[in-house]
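Q: Supplied in structure tokens, the structure appears directly below.
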Amino acid sequence: MTANDKLQGVLEQFLMRCMTSAEAQGIDRIVELELSISQAKTVFVLAQAAQPLPIHAIAEQIRLSVAATGRNIDQLVKMGLVERREDENDRRVKLVTITKAGHEVADQHLEARRTALKSMVSRLTPDEADRLQEALQPILAGDALRPMSLDNTKPQEIPA
């Protein structure tokens with residue numbers, strides 16, 4: 001077993017424990033609303049978007065067909081989580097924005113995840129917390145863990 005294999009195993013255990021706890025708490029509102037995974041992903045994409053997005057761009061980001069994404073958006077519009085309108089420059093293009101209610105769903109999900117992570121961190125000893133922070137800071141400062149752009153040639157810029 002190589003050093004990379006060992007690191008992968010340790011990271012997998014660490015991340016699975018973190019994610020399992022955080023997601024279990026963060027998923028409650030999504031389940032309550034009976035959102036599908038792709039609908040939830042759509043809400044999260046739109047919550048992070050700086051401007052309205054055309055349906056084809058959302059489809060690309062959530063890796064669904066434009067038709068399936070359009071059906072998801074229809075349901076999200078009915079639920080009041082997103083709004084859809086025609087592009088003023090090209091009426092064939094439908095632009096989608098998140099509503100206040102949609103932002104609340106995304107915010108509740110993120111806050112539940114933060115609360116779960118805070119609880120996990122509080123159970124570390126001060127020495128463990130310091131060592132973990134010291135190990136993660138240089139990794140997070142670099143490009144190695146940034147998501148790749150859609151063309152997979154360069155890391156995306158992520159706001160701090």
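Following the order of the structure tokens, chains are lettered A, B, ..., residues in each are numbered from 1, and ligands are numbered from 1.
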Neighbouring residues of Gly80 in chain A were defined as those with any atom within 9 Å, considering only C-alpha atoms; residues of the same chain fewer than 4 positions away were excluded. Please report them as a list in words.
A: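 Surrounding residues, per the criterion: Gln75, Leu76, Ile98, Thr99, Lys100, Ala101 and Gly102 of chain A.
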Q: Once you have the residues from the selection above, write them out as a compact mmCIF listing (two decimals), in the first residue's frame, restricted to all heavy atoms.
A:
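Below is the file again.txt, written as the result:
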```txt
# COMPACT_ATOMS: atom_id res chain seq x y z
N GLN A 75 -41.21 22.60 -11.30
CA GLN A 75 -41.65 22.23 -9.96
C GLN A 75 -41.19 23.25 -8.91
O GLN A 75 -41.94 23.60 -7.99
CB GLN A 75 -41.14 20.84 -9.59
CG GLN A 75 -41.74 19.73 -10.41
CD GLN A 75 -43.25 19.67 -10.27
OE1 GLN A 75 -43.79 19.71 -9.17
NE2 GLN A 75 -43.95 19.61 -11.39
N LEU A 76 -39.95 23.72 -9.05
CA LEU A 76 -39.42 24.70 -8.10
C LEU A 76 -40.17 26.03 -8.20
O LEU A 76 -40.36 26.71 -7.19
CB LEU A 76 -37.92 24.89 -8.31
CG LEU A 76 -37.06 23.67 -7.97
CD1 LEU A 76 -35.62 23.87 -8.46
CD2 LEU A 76 -37.10 23.36 -6.49
N ILE A 98 -33.26 32.62 -7.94
CA ILE A 98 -33.76 32.06 -6.70
C ILE A 98 -34.62 33.11 -5.99
O ILE A 98 -34.35 34.31 -6.08
CB ILE A 98 -32.59 31.56 -5.81
CG1 ILE A 98 -33.12 30.70 -4.67
CG2 ILE A 98 -31.74 32.72 -5.32
CD1 ILE A 98 -32.06 29.84 -4.03
N THR A 99 -35.65 32.67 -5.31
CA THR A 99 -36.51 33.57 -4.55
C THR A 99 -36.01 33.66 -3.11
O THR A 99 -35.10 32.92 -2.71
CB THR A 99 -37.96 33.06 -4.53
OG1 THR A 99 -37.98 31.79 -3.84
CG2 THR A 99 -38.54 32.92 -5.93
N LYS A 100 -36.63 34.53 -2.34
CA LYS A 100 -36.30 34.63 -0.92
C LYS A 100 -36.52 33.28 -0.23
O LYS A 100 -35.69 32.84 0.56
CB LYS A 100 -37.14 35.72 -0.26
CG LYS A 100 -36.82 35.93 1.19
CD LYS A 100 -37.65 37.04 1.81
CE LYS A 100 -37.29 37.17 3.28
NZ LYS A 100 -38.18 38.09 3.98
N ALA A 101 -37.62 32.62 -0.56
CA ALA A 101 -37.90 31.30 0.03
C ALA A 101 -36.83 30.28 -0.36
O ALA A 101 -36.41 29.45 0.45
CB ALA A 101 -39.28 30.81 -0.40
N GLY A 102 -36.36 30.35 -1.60
CA GLY A 102 -35.29 29.45 -2.04
C GLY A 102 -34.00 29.71 -1.30
O GLY A 102 -33.29 28.78 -0.90
```
Q: Excluding Ala24 in chain A and residues on its chain fewer than 2 positions from it, collect all residues at most 12 Å away from it, counting only C-alpha atoms, and give them as a PyMOL selection string.
A: chain A and resi 16-22+26-31+109-110+112-117
Q: Just the helix (DSSP H, G or I) stuff from chain A, please, per backbone DSSP, written as a PyMOL selection string.
A: chain A and resi 3-26+28-32+37-48+55-62+66-78+100-122+126-141
Q: Could you check how far CA of Met1 in chain A sits from CA of Ala129 in chain A, in Å to one decimal?
A: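 Computing it gives 28.2 Å between the two atoms.
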Q: Write out as a VMD selection string each polymer residue whose atoms come within 12 Å of Ala68 in chain A, counting only C-alpha atoms; drop sequence neighbours fewer than 5 positions from it.
A: chain A and resid 36 38 to 39 42 55 to 56 58 to 60 62 to 63 73 to 75
Q: With DSSP run on the backbone, what are the strand (DSSP E) residues within chain A? I'd like them as a PyMOL selection string.
A: chain A and resi 53-54+82-86+94-98
